[in-house]
Amino acid sequence: HAAMALDKAGYEVVIFDNLSTGHEEFMHFGKGVVGDLADKNALTDLFDRHDFAAVMHFAAHAYVGESVFEPAKYYRNNVVNTLNLLEVMKAHDVGCFIFSSTCATYGDPVQLPITETHPQNPVNPYGRTKLAVEWMLRDFDRAYGMKYCALRYFNAAGAAPQEMNAGIGEIHTPETHLIPLVLQAALDPGKTVKVFGTDYDTRDGSCIRDYVHVCDLADAHILSMERLFAGEASTVYNLGNGDGYSVKEVIDCAAKVTGRDIAVQASPRREGDPATLVGNAEKARHELGWKQNFSSLDAIIGTAWDWEQSLG
Ligand code: UDP
């Protein structure tokens, strides 16, 4: 989605992806190169062949639950491989980096909604790997003058609206994310959605999250990059809608948007999940002029539903 937004804004895009979870048929906005961040020679070759103005780094493992059981996989890919990328950028004098960070760097909130100055005490390895990179970025800026924006996403969701004919959306195998799983259950009466934890200290006992549309996230990447191009200092931004929805509320909203029944089953808590994560994105709105085109959960789920049905 970011490649599409960059392409529409007139930038030339090169996408570097090992296709471990990505899809070659989605690499049509810009030039696609298949390669791995673990392979510094491939990265060096890529940077030798292109004169990059900026790098946006999305490649990471991002499953909270899996990170608890397979931390080595997370530290290697999310930290070591990011270091490879930063070192190759430094060697090629590329000094503008937009990083996909996460609200998982905050851990259990001590104050809501979460602002950028909230303490960062991540409660799972995924969040810790992203925080390690945030520290790396601060150090690279101080020592080498590499400018960055760390964008702390809340829950990315939705897909490019159908009228854009973009042909891109979410496909994970296996799928673990709430909204696509709920929509798959809406399509297939044989499927049941598990609610991970019904005894949290929230209004209905299920976890509360702040869902933000992928196209709005993509816009924030371009605005952040252009702010660095204009000579502004490195910084961090929360990217969320500021509205928290419980797992049960997401399921109810999906039932309304789809007009289908969704089978639900109460299940044990998933390891590593804080009860509530809701962000304050005032700083991004104020400093970047970021505006969300998809601020309601109905609208976000509506685009995800169109996408899920198109996979039919
Ligand atoms: N969740 C759930 N059932 C599922 C998948 C997720 O109850 O089958 C919950 C999960 O515990 C979390 C919220 O839904 O509280 C969002 O999870 P997701 O995996 O979509 O995103 P994450 O918060 O891990 O980025």
# chains A, B, ... in the order shown; residues from 1 in each chain; ligands from 1
$ residues_near_ligand --ligand "ligand 1" --cutoff "8 Å" --atoms "only C-alpha atoms and all ligand atoms" --output "PyMOL selection string"
chain A and resi 62-65+104+154-156+176-179+181-182+193-197+206-209+246-247+267+269-270+273-276
$ closest_atom_pairs --of "range 203-245 of chain A" --to "range 300-306 of chain A" --cutoff "10 Å" --atoms "only C-alpha atoms" --output "JSON lines"
{"residue": "A:Tyr211", "atom": "CA", "partner": "A:Ile300", "partner_atom": "CA", "distance": 8.0}
{"residue": "A:Val212", "atom": "CA", "partner": "A:Ile300", "partner_atom": "CA", "distance": 7.5}
{"residue": "A:His213", "atom": "CA", "partner": "A:Ile300", "partner_atom": "CA", "distance": 5.9}
{"residue": "A:Val214", "atom": "CA", "partner": "A:Ile300", "partner_atom": "CA", "distance": 8.9}
{"residue": "A:Cys215", "atom": "CA", "partner": "A:Ile300", "partner_atom": "CA", "distance": 9.9}
$ residues_around --residues "Thr235 in chain A" --least-positions-apart "5" --cutoff "9 Å" --atoms "only C-alpha atoms" --output "list in words"
Lys147, Tyr148, Cys149, Ala150 and Leu151 of chain A
$ closest_atom_pairs --of "range 25-102 of chain A" --to "range 229-232 of chain A" --cutoff "9 Å" --atoms "only C-alpha atoms" --output "Markdown table"
| residue | atom | partner | partner_atom | distance |
| --- | --- | --- | --- | --- |
| A:Ala53 | CA | A:Phe229 | CA | 8.7 |
| A:Ala54 | CA | A:Phe229 | CA | 8.9 |
| A:Cys96 | CA | A:Phe229 | CA | 7.8 |
$ residues_around --residues "Val110 in chain A" --least-positions-apart "6" --cutoff "12 Å" --atoms "only C-alpha atoms" --output "list in words"
Thr117, His118, Pro119, Gln120, Asn121, Pro274, Ala275, Thr276, Leu277 and Val278 of chain A
$ atom_distance --atom1 "CA of Asn18 in chain A" --atom2 "CA of Tyr144 in chain A"
28.0 Å
$ select_by_dssp --residues "range 64-303 of chain A" --states "strand (DSSP E or B)" --output "ChimeraX atom specification"
/A:96-102,107,114,121,147-153,155-157,192-196,208-209,211-213,235-239,245-246,263-267,276-277,279
$ residues_around --residues "Val79 in chain A" --least-positions-apart "2" --cutoff "8 Å" --atoms "only C-alpha atoms" --output "PyMOL selection string"
chain A and resi 74-77+81-83+129-130+132-133
